[in-house]
$ cat query-v7.cif   # mmCIF, C-alpha atoms, pLDDT in the B column; chains and numbers go by the auth columns
data_query
loop_
_atom_site.group_PDB
_atom_site.id
_atom_site.type_symbol
_atom_site.label_atom_id
_atom_site.label_comp_id
_atom_site.label_asym_id
_atom_site.label_seq_id
_atom_site.Cartn_x
_atom_site.Cartn_y
_atom_site.Cartn_z
_atom_site.B_iso_or_equiv
_atom_site.auth_seq_id
_atom_site.auth_asym_id
ATOM 1 C CA GLY A 1 7.208 -4.795 -17.218 58.00 19 A
ATOM 2 C CA GLN A 2 10.009 -5.201 -14.698 60.00 20 A
ATOM 3 C CA ARG A 3 11.649 -1.950 -15.781 64.00 21 A
ATOM 4 C CA ASP A 4 8.462 0.043 -15.097 61.00 22 A
ATOM 5 C CA LEU A 5 8.057 -1.599 -11.693 63.00 23 A
ATOM 6 C CA ARG A 6 11.691 -1.007 -10.780 63.00 24 A
ATOM 7 C CA LEU A 7 11.528 2.667 -11.761 60.00 25 A
ATOM 8 C CA SER A 8 8.324 3.205 -9.780 60.00 26 A
ATOM 9 C CA TRP A 9 9.390 1.425 -6.591 64.00 27 A
ATOM 10 C CA ARG A 10 12.734 3.212 -6.326 60.00 28 A
ATOM 11 C CA TYR A 11 10.931 6.351 -5.162 57.00 29 A
ATOM 12 C CA LEU A 12 9.439 4.414 -2.264 59.00 30 A
ATOM 13 C CA ARG A 13 12.626 2.839 -0.924 52.00 31 A
ATOM 14 C CA THR A 14 14.164 5.788 0.895 45.00 32 A
ATOM 15 C CA ASP A 15 11.255 8.174 1.109 45.00 33 A
ATOM 16 C CA TYR A 16 10.866 10.139 4.308 48.00 34 A
ATOM 17 C CA THR A 17 9.655 13.448 5.643 49.00 35 A
ATOM 18 C CA LEU A 18 11.391 15.825 8.018 48.00 36 A
ATOM 19 C CA ARG A 19 9.637 16.470 11.293 52.00 37 A
ATOM 20 C CA PRO A 20 10.584 18.965 13.992 57.00 38 A
ATOM 21 C CA GLY A 21 13.379 17.515 16.091 58.00 39 A
ATOM 22 C CA GLU A 22 13.900 17.493 19.839 59.00 40 A
ATOM 23 C CA GLU A 23 17.705 17.352 19.651 64.00 41 A
ATOM 24 C CA VAL A 24 19.673 20.606 19.780 66.00 42 A
ATOM 25 C CA ASP A 25 22.005 21.134 16.816 71.00 43 A
ATOM 26 C CA ILE A 26 25.100 22.402 18.681 73.00 44 A
ATOM 27 C CA GLU A 27 27.012 23.690 15.652 76.00 45 A
ATOM 28 C CA ALA A 28 24.000 25.495 14.212 78.00 46 A
ATOM 29 C CA THR A 29 23.182 26.999 17.622 70.00 47 A
ATOM 30 C CA ILE A 30 26.743 28.359 18.030 74.00 48 A
ATOM 31 C CA ALA A 31 26.718 29.765 14.499 77.00 49 A
ATOM 32 C CA SER A 32 23.399 31.463 15.205 77.00 50 A
ATOM 33 C CA PHE A 33 24.814 32.981 18.408 66.00 51 A
ATOM 34 C CA PHE A 34 27.800 34.515 16.593 74.00 52 A
ATOM 35 C CA ARG A 35 25.536 35.911 13.880 82.00 53 A
ATOM 36 C CA SER A 36 22.911 37.466 16.134 82.00 54 A
ATOM 37 C CA GLY A 37 24.560 37.756 19.546 77.00 55 A
ATOM 38 C CA MET A 38 21.541 36.004 21.049 74.00 56 A
ATOM 39 C CA PHE A 39 21.379 32.471 22.346 71.00 57 A
ATOM 40 C CA THR A 40 18.552 30.742 20.542 75.00 58 A
ATOM 41 C CA PRO A 41 18.664 26.932 20.400 74.00 59 A
ATOM 42 C CA VAL A 42 18.487 25.476 16.889 77.00 60 A
ATOM 43 C CA TYR A 43 16.879 22.070 16.740 72.00 61 A
ATOM 44 C CA ARG A 44 17.909 19.334 14.351 70.00 62 A
ATOM 45 C CA PRO A 45 15.114 18.018 12.091 64.00 63 A
ATOM 46 C CA GLN A 46 14.633 14.274 12.261 59.00 64 A
ATOM 47 C CA LYS A 47 13.781 11.859 9.492 54.00 65 A
ATOM 48 C CA SER A 48 10.345 10.330 9.777 50.00 66 A
ATOM 49 C CA TYR A 49 10.000 7.337 7.469 51.00 67 A
ATOM 50 C CA TYR A 50 6.736 6.265 5.950 54.00 68 A
ATOM 51 C CA ALA A 51 4.972 3.125 7.083 63.00 69 A
ATOM 52 C CA GLN A 52 6.521 -0.109 5.855 86.00 70 A
ATOM 53 C CA LEU A 53 4.942 -1.976 2.975 91.00 71 A
ATOM 54 C CA MET A 54 3.055 -5.270 3.200 95.00 72 A
ATOM 55 C CA LEU A 55 1.896 -7.164 0.090 96.00 73 A
ATOM 56 C CA TRP A 56 -1.293 -9.230 -0.209 98.00 74 A
ATOM 57 C CA ILE A 57 -1.812 -11.375 -3.309 98.00 75 A
ATOM 58 C CA ASP A 58 -5.105 -12.779 -4.570 97.00 76 A
ATOM 59 C CA HIS A 59 -4.090 -16.308 -5.547 95.00 77 A
ATOM 60 C CA GLY A 60 -5.891 -18.926 -7.617 92.00 78 A
ATOM 61 C CA GLY A 61 -8.944 -18.827 -9.860 92.00 79 A
ATOM 62 C CA SER A 62 -8.871 -15.994 -12.385 92.00 80 A
ATOM 63 C CA MET A 63 -5.619 -14.714 -10.856 95.00 81 A
ATOM 64 C CA VAL A 64 -3.659 -17.716 -12.175 94.00 82 A
ATOM 65 C CA ALA A 65 -3.150 -15.751 -15.392 94.00 83 A
ATOM 66 C CA PHE A 66 -1.407 -12.988 -13.446 95.00 84 A
ATOM 67 C CA GLU A 67 0.948 -15.018 -11.273 94.00 85 A
ATOM 68 C CA ASP A 68 3.996 -13.739 -13.178 93.00 86 A
ATOM 69 C CA PHE A 69 2.924 -10.149 -12.576 91.00 87 A
ATOM 70 C CA ALA A 70 2.451 -10.836 -8.864 93.00 88 A
ATOM 71 C CA ARG A 71 5.892 -12.460 -8.656 92.00 89 A
ATOM 72 C CA GLN A 72 7.494 -9.451 -10.342 90.00 90 A
ATOM 73 C CA VAL A 73 5.864 -7.066 -7.887 89.00 91 A
ATOM 74 C CA GLN A 74 6.910 -9.252 -4.965 90.00 92 A
ATOM 75 C CA ALA A 75 10.509 -9.365 -6.214 88.00 93 A
ATOM 76 C CA LEU A 76 10.844 -5.632 -6.831 85.00 94 A
ATOM 77 C CA ALA A 77 8.656 -3.916 -4.225 85.00 95 A
ATOM 78 C CA PRO A 78 10.505 -2.574 -1.145 84.00 96 A
ATOM 79 C CA LEU A 79 8.683 -4.761 1.365 88.00 97 A
ATOM 80 C CA GLY A 80 8.969 -4.179 5.085 87.00 98 A
ATOM 81 C CA LYS A 81 10.255 -6.434 7.849 88.00 99 A
ATOM 82 C CA PHE A 82 7.714 -7.434 10.463 90.00 100 A
ATOM 83 C CA GLY A 83 9.438 -9.963 12.672 89.00 101 A
ATOM 84 C CA LYS A 84 7.478 -13.205 12.765 90.00 102 A
ATOM 85 C CA LEU A 85 4.805 -11.868 10.432 93.00 103 A
ATOM 86 C CA PRO A 86 5.493 -12.301 6.696 94.00 104 A
ATOM 87 C CA ALA A 87 5.719 -9.311 4.385 94.00 105 A
ATOM 88 C CA VAL A 88 3.709 -11.243 1.769 97.00 106 A
ATOM 89 C CA ALA A 89 0.359 -12.922 2.398 97.00 107 A
ATOM 90 C CA TYR A 90 -2.294 -14.566 0.237 98.00 108 A
ATOM 91 C CA PHE A 91 -6.071 -14.771 -0.072 97.00 109 A
ATOM 92 C CA ARG A 92 -8.714 -15.976 -2.522 96.00 110 A
ATOM 93 C CA ASN A 93 -11.065 -13.365 -4.033 96.00 111 A
ATOM 94 C CA VAL A 94 -11.672 -11.489 -0.764 96.00 112 A
ATOM 95 C CA PRO A 95 -9.410 -11.191 2.314 95.00 113 A
ATOM 96 C CA ALA A 96 -12.369 -11.876 4.586 91.00 114 A
ATOM 97 C CA GLY A 97 -10.998 -11.394 8.076 94.00 115 A
ATOM 98 C CA ARG A 98 -7.756 -13.248 7.450 97.00 116 A
ATOM 99 C CA VAL A 99 -4.922 -13.863 5.007 98.00 117 A
ATOM 100 C CA PHE A 100 -2.480 -16.761 4.720 97.00 118 A
ATOM 101 C CA GLU A 101 1.280 -17.144 4.848 96.00 119 A
ATOM 102 C CA SER A 102 1.401 -19.464 1.826 94.00 120 A
ATOM 103 C CA PRO A 103 -0.290 -19.605 -1.599 93.00 121 A
ATOM 104 C CA ALA A 104 -1.765 -22.938 -0.482 92.00 122 A
ATOM 105 C CA HIS A 105 -3.692 -20.991 2.168 92.00 123 A
ATOM 106 C CA GLN A 106 -1.858 -22.468 5.118 93.00 124 A
ATOM 107 C CA ARG A 107 -1.088 -20.706 8.418 95.00 125 A
ATOM 108 C CA ALA A 108 -3.817 -18.108 8.656 97.00 126 A
ATOM 109 C CA ILE A 109 -3.156 -14.592 9.956 97.00 127 A
ATOM 110 C CA SER A 110 -6.285 -12.994 11.369 97.00 128 A
ATOM 111 C CA PHE A 111 -7.140 -9.322 11.087 97.00 129 A
ATOM 112 C CA ASP A 112 -7.278 -9.270 14.888 96.00 130 A
ATOM 113 C CA THR A 113 -3.627 -10.344 14.983 96.00 131 A
ATOM 114 C CA LEU A 114 -2.672 -7.618 12.520 96.00 132 A
ATOM 115 C CA ALA A 115 -4.667 -4.976 14.391 95.00 133 A
ATOM 116 C CA SER A 116 -2.883 -5.908 17.618 94.00 134 A
ATOM 117 C CA ARG A 117 0.571 -6.045 16.009 93.00 135 A
ATOM 118 C CA PHE A 118 0.209 -2.690 14.250 92.00 136 A
ATOM 119 C CA ARG A 119 -1.828 -0.905 16.876 85.00 137 A
ATOM 120 C CA HIS A 120 0.681 1.933 17.273 81.00 138 A
ATOM 121 C CA LYS A 121 2.443 1.956 13.901 82.00 139 A
ATOM 122 C CA LYS A 122 0.311 1.031 10.936 87.00 140 A
ATOM 123 C CA VAL A 123 1.536 -0.515 7.687 91.00 141 A
ATOM 124 C CA ASN A 124 1.002 0.477 4.085 92.00 142 A
ATOM 125 C CA LEU A 125 -0.889 -2.267 2.305 95.00 143 A
ATOM 126 C CA LEU A 126 -0.470 -3.206 -1.362 95.00 144 A
ATOM 127 C CA ILE A 127 -3.104 -5.596 -2.733 97.00 145 A
ATOM 128 C CA ILE A 128 -2.847 -7.418 -6.065 97.00 146 A
ATOM 129 C CA SER A 129 -6.201 -8.667 -7.318 97.00 147 A
ATOM 130 C CA ASP A 130 -8.397 -8.366 -10.397 97.00 148 A
ATOM 131 C CA ALA A 131 -11.316 -7.642 -8.006 96.00 149 A
ATOM 132 C CA GLY A 132 -13.621 -9.640 -10.265 95.00 150 A
ATOM 133 C CA ALA A 133 -12.777 -7.747 -13.468 96.00 151 A
ATOM 134 C CA ALA A 134 -11.511 -10.885 -15.227 94.00 152 A
ATOM 135 C CA ARG A 135 -14.960 -12.469 -14.984 92.00 153 A
ATOM 136 C CA GLY A 136 -16.562 -9.287 -16.244 92.00 154 A
ATOM 137 C CA HIS A 137 -19.678 -9.274 -14.090 93.00 155 A
ATOM 138 C CA TYR A 138 -20.930 -7.678 -10.897 96.00 156 A
ATOM 139 C CA ASP A 139 -20.894 -9.909 -7.811 96.00 157 A
ATOM 140 C CA GLU A 140 -22.853 -8.203 -5.057 96.00 158 A
ATOM 141 C CA MET A 141 -21.563 -10.483 -2.295 96.00 159 A
ATOM 142 C CA ARG A 142 -17.948 -10.008 -3.357 97.00 160 A
ATOM 143 C CA VAL A 143 -18.365 -6.246 -3.204 97.00 161 A
ATOM 144 C CA PHE A 144 -20.129 -6.467 0.165 97.00 162 A
ATOM 145 C CA HIS A 145 -17.446 -8.635 1.758 97.00 163 A
ATOM 146 C CA THR A 146 -14.634 -6.561 0.249 97.00 164 A
ATOM 147 C CA ARG A 147 -16.158 -3.376 1.645 96.00 165 A
ATOM 148 C CA ARG A 148 -16.450 -5.046 5.039 96.00 166 A
ATOM 149 C CA ALA A 149 -12.831 -6.234 4.868 96.00 167 A
ATOM 150 C CA MET A 150 -11.637 -2.751 3.873 95.00 168 A
ATOM 151 C CA ASN A 151 -13.311 -1.266 6.932 95.00 169 A
ATOM 152 C CA ARG A 152 -11.408 -3.686 9.149 95.00 170 A
ATOM 153 C CA MET A 153 -8.115 -3.149 7.308 95.00 171 A
ATOM 154 C CA ARG A 154 -8.144 0.480 8.374 93.00 172 A
ATOM 155 C CA GLN A 155 -7.457 -0.701 11.920 92.00 173 A
ATOM 156 C CA PHE A 156 -3.909 -1.615 10.898 94.00 174 A
ATOM 157 C CA ALA A 157 -3.335 -0.151 7.408 93.00 175 A
ATOM 158 C CA HIS A 158 -2.243 3.450 6.981 90.00 176 A
ATOM 159 C CA ARG A 159 -2.802 3.515 3.230 90.00 177 A
ATOM 160 C CA ILE A 160 -4.307 0.854 0.972 93.00 178 A
ATOM 161 C CA VAL A 161 -3.311 0.623 -2.688 94.00 179 A
ATOM 162 C CA TRP A 162 -4.857 -1.931 -5.018 96.00 180 A
ATOM 163 C CA LEU A 163 -3.020 -3.033 -8.175 95.00 181 A
ATOM 164 C CA ASN A 164 -5.500 -4.538 -10.613 96.00 182 A
ATOM 165 C CA PRO A 165 -3.696 -6.459 -13.388 95.00 183 A
ATOM 166 C CA MET A 166 -6.702 -6.069 -15.698 95.00 184 A
ATOM 167 C CA PRO A 167 -6.798 -3.004 -18.002 94.00 185 A
ATOM 168 C CA ALA A 168 -8.853 -0.215 -16.468 94.00 186 A
ATOM 169 C CA HIS A 169 -11.535 -0.293 -19.166 93.00 187 A
ATOM 170 C CA ARG A 170 -12.295 -3.893 -18.164 94.00 188 A
ATOM 171 C CA TRP A 171 -13.341 -2.809 -14.676 96.00 189 A
ATOM 172 C CA TRP A 172 -16.464 -1.145 -16.002 94.00 190 A
ATOM 173 C CA ASP A 173 -19.782 -2.757 -14.948 94.00 191 A
ATOM 174 C CA SER A 174 -17.942 -5.402 -12.917 96.00 192 A
ATOM 175 C CA SER A 175 -17.259 -5.910 -9.228 97.00 193 A
ATOM 176 C CA ALA A 176 -13.939 -4.124 -9.752 97.00 194 A
ATOM 177 C CA GLU A 177 -15.667 -0.845 -10.560 96.00 195 A
ATOM 178 C CA ALA A 178 -17.682 -0.961 -7.336 96.00 196 A
ATOM 179 C CA ILE A 179 -14.641 -1.971 -5.267 96.00 197 A
ATOM 180 C CA ALA A 180 -12.562 0.845 -6.779 96.00 198 A
ATOM 181 C CA ARG A 181 -15.204 3.285 -5.537 94.00 199 A
ATOM 182 C CA ILE A 182 -14.944 2.139 -1.908 93.00 200 A
ATOM 183 C CA PRO A 183 -13.632 5.077 0.157 90.00 201 A
ATOM 184 C CA GLY A 184 -9.964 4.614 0.952 88.00 202 A
ATOM 185 C CA CYS A 185 -9.413 2.053 -1.818 91.00 203 A
ATOM 186 C CA HIS A 186 -6.959 3.422 -4.380 94.00 204 A
ATOM 187 C CA MET A 187 -7.119 1.062 -7.353 96.00 205 A
ATOM 188 C CA PHE A 188 -4.675 1.311 -10.241 95.00 206 A
ATOM 189 C CA ALA A 189 -3.962 -0.534 -13.481 94.00 207 A
ATOM 190 C CA PRO A 190 -0.471 -1.917 -14.272 88.00 208 A
ATOM 191 C CA THR A 191 0.566 0.919 -16.596 88.00 209 A
ATOM 192 C CA PRO A 192 3.719 2.996 -16.003 86.00 210 A
ATOM 193 C CA TYR A 193 1.584 6.068 -15.307 89.00 211 A
ATOM 194 C CA ASP A 194 -0.661 4.264 -12.825 90.00 212 A
ATOM 195 C CA LEU A 195 2.272 2.568 -11.091 87.00 213 A
ATOM 196 C CA ASN A 196 3.749 5.998 -10.416 86.00 214 A
ATOM 197 C CA ARG A 197 0.392 7.194 -9.097 89.00 215 A
ATOM 198 C CA ALA A 198 0.194 4.146 -6.820 89.00 216 A
ATOM 199 C CA VAL A 199 3.615 4.921 -5.369 86.00 217 A
ATOM 200 C CA ASP A 200 2.574 8.552 -4.864 87.00 218 A
ATOM 201 C CA VAL A 201 -0.412 7.397 -2.798 89.00 219 A
ATOM 202 C CA LEU A 202 1.811 5.168 -0.668 86.00 220 A
ATOM 203 C CA ARG A 203 4.108 8.148 -0.131 81.00 221 A
ATOM 204 C CA GLY A 204 1.158 10.284 0.904 79.00 222 A
ATOM 205 C CA LYS A 205 1.511 12.499 -2.155 75.00 223 A
ATOM 206 C CA GLY A 206 -1.347 11.251 -4.307 62.00 224 A
ATOM 207 C CA ARG A 207 -3.936 13.910 -5.034 55.00 225 A
ATOM 208 C CA LYS A 208 -7.575 13.399 -4.136 48.00 226 A
ATOM 209 C CA GLU A 209 -9.375 12.287 -7.261 51.00 227 A
ATOM 210 C CA ASN A 210 -12.058 10.142 -8.773 45.00 228 A
ATOM 211 C CA LYS A 211 -10.320 6.783 -8.785 51.00 229 A
ATOM 212 C CA LEU A 212 -12.048 5.848 -12.042 59.00 230 A
ATOM 213 C CA GLU A 213 -11.260 9.042 -13.928 54.00 231 A
ATOM 214 C CA HIS A 214 -8.723 7.222 -16.084 51.00 232 A
ATOM 215 C CA ILE A 215 -11.233 4.668 -17.403 51.00 233 A
#
$ encode --input "query-v7.cif" --output "structure tokens"
Amino acid sequence: GQRDLRLSWRYLRTDYTLRPGEEVDIEATIASFFRSGMFTPVYRPQKSYYAQLMLWIDHGGSMVAFEDFARQVQALAPLGKFGKLPAVAYFRNVPAGRVFESPAHQRAISFDTLASRFRHKKVNLLIISDAGAARGHYDEMRVFHTRRAMNRMRQFAHRIVWLNPMPAHRWWDSSAEAIARIPGCHMFAPTPYDLNRAVDVLRGKGRKENKLEHI
């Protein structure tokens, strides 16, 4: 529900790491001098924020049943700001080389455009899709094209998290199971526990694991 989403996303809003700074901390340097009698510059650590979040939503078909869930995520997730590029984009079944600015699949954004825009500073990518689990069967071409798309996404995506609105046990023996096993694809169900795990992955704190261990 909204409460679970809100509690999970709050840990992503202001998350940062400290990296060695290049700016001398004058006060700390003076204090160090009086303590030790030696002049040793003390450098100020700097905040290094994680990559901003972009949301892609599988829209139409079997995902019609999950439009409310997608809207809740869109409303509560701490999405980034990317200038002329939208923070939310849409696709149908597979983001095959492009996504769209509107649910009606208007104004395409190519992967080449994204790779150029985020060449130096990649984004974190959150995908909402049932990955074929709602239909309950294995679609070889869907898996093939998703794997191909994932390989291209790595050109501009730092981390890729996949929220599957179907319960995890419904992924079994479907396209979703195969897609969840694609290297670099972290797929989670919409449970409070899994939402927290998804946020941990986006923060770079998720442990390496079998992504289907919770099925």
$ resolve_selection --input "query-v7.cif" --expression "the PyMOL selection byres ((chain A and resi 71) around 9)" --output "MDAnalysis selection string"
chainID A and resid 68:70 72:73 95:99 105 141:144 220
$ resolve_selection --input "query-v7.cif" --expression "the PyMOL selection byres ((chain A and resi 78) around 10)" --output "list of chain:residue names"
A:Ile75, A:Asp76, A:His77, A:Gly79, A:Ser80, A:Met81, A:Val82, A:Ala83, A:Phe84, A:Glu85, A:Tyr108, A:Phe109, A:Arg110, A:Asn111, A:Pro121, A:Ala122
$ write_last_selection --input "query-v7.cif" --atoms "C-alpha atoms" --output "PDB file, in the frame of the given file"
ATOM      1  CA  ILE A  75      -1.812 -11.375  -3.309  1.00 98.00           C
ATOM      2  CA  ASP A  76      -5.105 -12.779  -4.570  1.00 97.00           C
ATOM      3  CA  HIS A  77      -4.090 -16.308  -5.547  1.00 95.00           C
ATOM      4  CA  GLY A  79      -8.944 -18.827  -9.860  1.00 92.00           C
ATOM      5  CA  SER A  80      -8.871 -15.994 -12.385  1.00 92.00           C
ATOM      6  CA  MET A  81      -5.619 -14.714 -10.856  1.00 95.00           C
ATOM      7  CA  VAL A  82      -3.659 -17.716 -12.175  1.00 94.00           C
ATOM      8  CA  ALA A  83      -3.150 -15.751 -15.392  1.00 94.00           C
ATOM      9  CA  PHE A  84      -1.407 -12.988 -13.446  1.00 95.00           C
ATOM     10  CA  GLU A  85       0.948 -15.018 -11.273  1.00 94.00           C
ATOM     11  CA  TYR A 108      -2.294 -14.566   0.237  1.00 98.00           C
ATOM     12  CA  PHE A 109      -6.071 -14.771  -0.072  1.00 97.00           C
ATOM     13  CA  ARG A 110      -8.714 -15.976  -2.522  1.00 96.00           C
ATOM     14  CA  ASN A 111     -11.065 -13.365  -4.033  1.00 96.00           C
ATOM     15  CA  PRO A 121      -0.290 -19.605  -1.599  1.00 93.00           C
ATOM     16  CA  ALA A 122      -1.765 -22.938  -0.482  1.00 92.00           C
TER      17      ALA A 122
END
$ residues_around --input "query-v7.cif" --residues "A:Cys203" --least-positions-apart "6" --cutoff "10 Å" --atoms "only C-alpha atoms" --output "list in words"
Ile145, Arg165, Met168, Arg177, Ile178, Val179, Trp180, Ile197 and Lys229 of chain A
$ atom_distance --input "query-v7.cif" --atom1 "atom CA of A:Asp212" --atom2 "atom CA of A:His155"
23.4 Å
$ atom_distance --input "query-v7.cif" --atom1 "atom CA of A:His176" --atom2 "atom CA of A:Lys139"
8.5 Å
$ resolve_selection --input "query-v7.cif" --expression "the PyMOL selection byres ((chain A and resi 209) around 10)" --output "PyMOL selection string"
chain A and resi 19+22-23+181+183+185-186+206-208+210-215
$ closest_residue --input "query-v7.cif" --among "A:Thr58, A:Thr47, A:Ser193, A:Asn182" --to "A:Asp148" --atoms "all atoms listed in the file"
A:Asn182
$ atom_distance --input "query-v7.cif" --atom1 "atom CA of A:Ala216" --atom2 "atom CA of A:Gly202"
12.8 Å
$ closest_residue --input "query-v7.cif" --among "A:Ala114, A:Ala126, A:Met205, A:Ala88" --to "A:Arg170" --atoms "all atoms listed in the file"
A:Ala114
$ axis_aligned_box --input "query-v7.cif" --around "stretch 131-148 of chain A" --padding-each-side "5 Å" --output "JSON"
{"center_x": -3.0, "center_y": -4.2, "center_z": 3.6, "size_x": 20.8, "size_y": 22.3, "size_z": 38.0}
$ build_atoms --input "query-v7.cif" --residues "stretch 116-139 of chain A" --atoms "N, CA and C atoms" --output "compact mmCIF listing (two decimals), in the frame of the given file"
# COMPACT_ATOMS: atom_id res chain seq x y z
N ARG A 116 -9.04 -12.58 7.27
CA ARG A 116 -7.76 -13.25 7.45
C ARG A 116 -7.05 -13.39 6.10
N VAL A 117 -5.74 -13.53 6.17
CA VAL A 117 -4.92 -13.86 5.01
C VAL A 117 -4.04 -15.04 5.41
N PHE A 118 -3.26 -15.55 4.46
CA PHE A 118 -2.48 -16.76 4.72
C PHE A 118 -1.01 -16.55 4.37
N GLU A 119 -0.16 -17.28 5.07
CA GLU A 119 1.28 -17.14 4.85
C GLU A 119 1.75 -17.80 3.56
N SER A 120 0.98 -18.74 3.02
CA SER A 120 1.40 -19.46 1.83
C SER A 120 0.32 -19.41 0.76
N PRO A 121 0.71 -19.57 -0.52
CA PRO A 121 -0.29 -19.60 -1.60
C PRO A 121 -1.27 -20.76 -1.45
N ALA A 122 -0.88 -21.80 -0.72
CA ALA A 122 -1.76 -22.94 -0.48
C ALA A 122 -2.76 -22.66 0.64
N HIS A 123 -2.77 -21.43 1.11
CA HIS A 123 -3.69 -20.99 2.17
C HIS A 123 -3.48 -21.78 3.46
N GLN A 124 -2.23 -21.85 3.85
CA GLN A 124 -1.86 -22.47 5.12
C GLN A 124 -1.37 -21.38 6.07
N ARG A 125 -1.53 -21.62 7.36
CA ARG A 125 -1.09 -20.71 8.42
C ARG A 125 -1.78 -19.34 8.29
N ALA A 126 -3.00 -19.32 8.75
CA ALA A 126 -3.82 -18.11 8.66
C ALA A 126 -3.31 -17.02 9.59
N ILE A 127 -3.45 -15.78 9.14
CA ILE A 127 -3.16 -14.59 9.96
C ILE A 127 -4.45 -13.79 10.04
N SER A 128 -5.00 -13.68 11.22
CA SER A 128 -6.28 -12.99 11.37
C SER A 128 -6.11 -11.48 11.37
N PHE A 129 -7.16 -10.78 11.02
CA PHE A 129 -7.14 -9.32 11.09
C PHE A 129 -6.95 -8.86 12.53
N ASP A 130 -7.47 -9.63 13.48
CA ASP A 130 -7.28 -9.27 14.89
C ASP A 130 -5.79 -9.28 15.25
N THR A 131 -5.07 -10.27 14.74
CA THR A 131 -3.63 -10.34 14.98
C THR A 131 -2.92 -9.13 14.39
N LEU A 132 -3.29 -8.76 13.18
CA LEU A 132 -2.67 -7.62 12.52
C LEU A 132 -3.01 -6.32 13.24
N ALA A 133 -4.26 -6.19 13.68
CA ALA A 133 -4.67 -4.98 14.39
C ALA A 133 -3.90 -4.83 15.70
N SER A 134 -3.64 -5.95 16.37
CA SER A 134 -2.88 -5.91 17.62
C SER A 134 -1.41 -5.59 17.36
N ARG A 135 -0.85 -6.22 16.32
CA ARG A 135 0.57 -6.04 16.01
C ARG A 135 0.87 -4.62 15.56
N PHE A 136 -0.04 -4.02 14.80
CA PHE A 136 0.21 -2.69 14.25
C PHE A 136 -0.71 -1.64 14.88
N ARG A 137 -0.94 -1.82 16.15
CA ARG A 137 -1.83 -0.90 16.88
C ARG A 137 -1.26 0.51 16.92
N HIS A 138 0.06 0.62 17.11
CA HIS A 138 0.68 1.93 17.27
C HIS A 138 1.34 2.45 16.00
N LYS A 139 1.78 1.55 15.14
CA LYS A 139 2.44 1.96 13.90
C LYS A 139 1.88 1.13 12.76
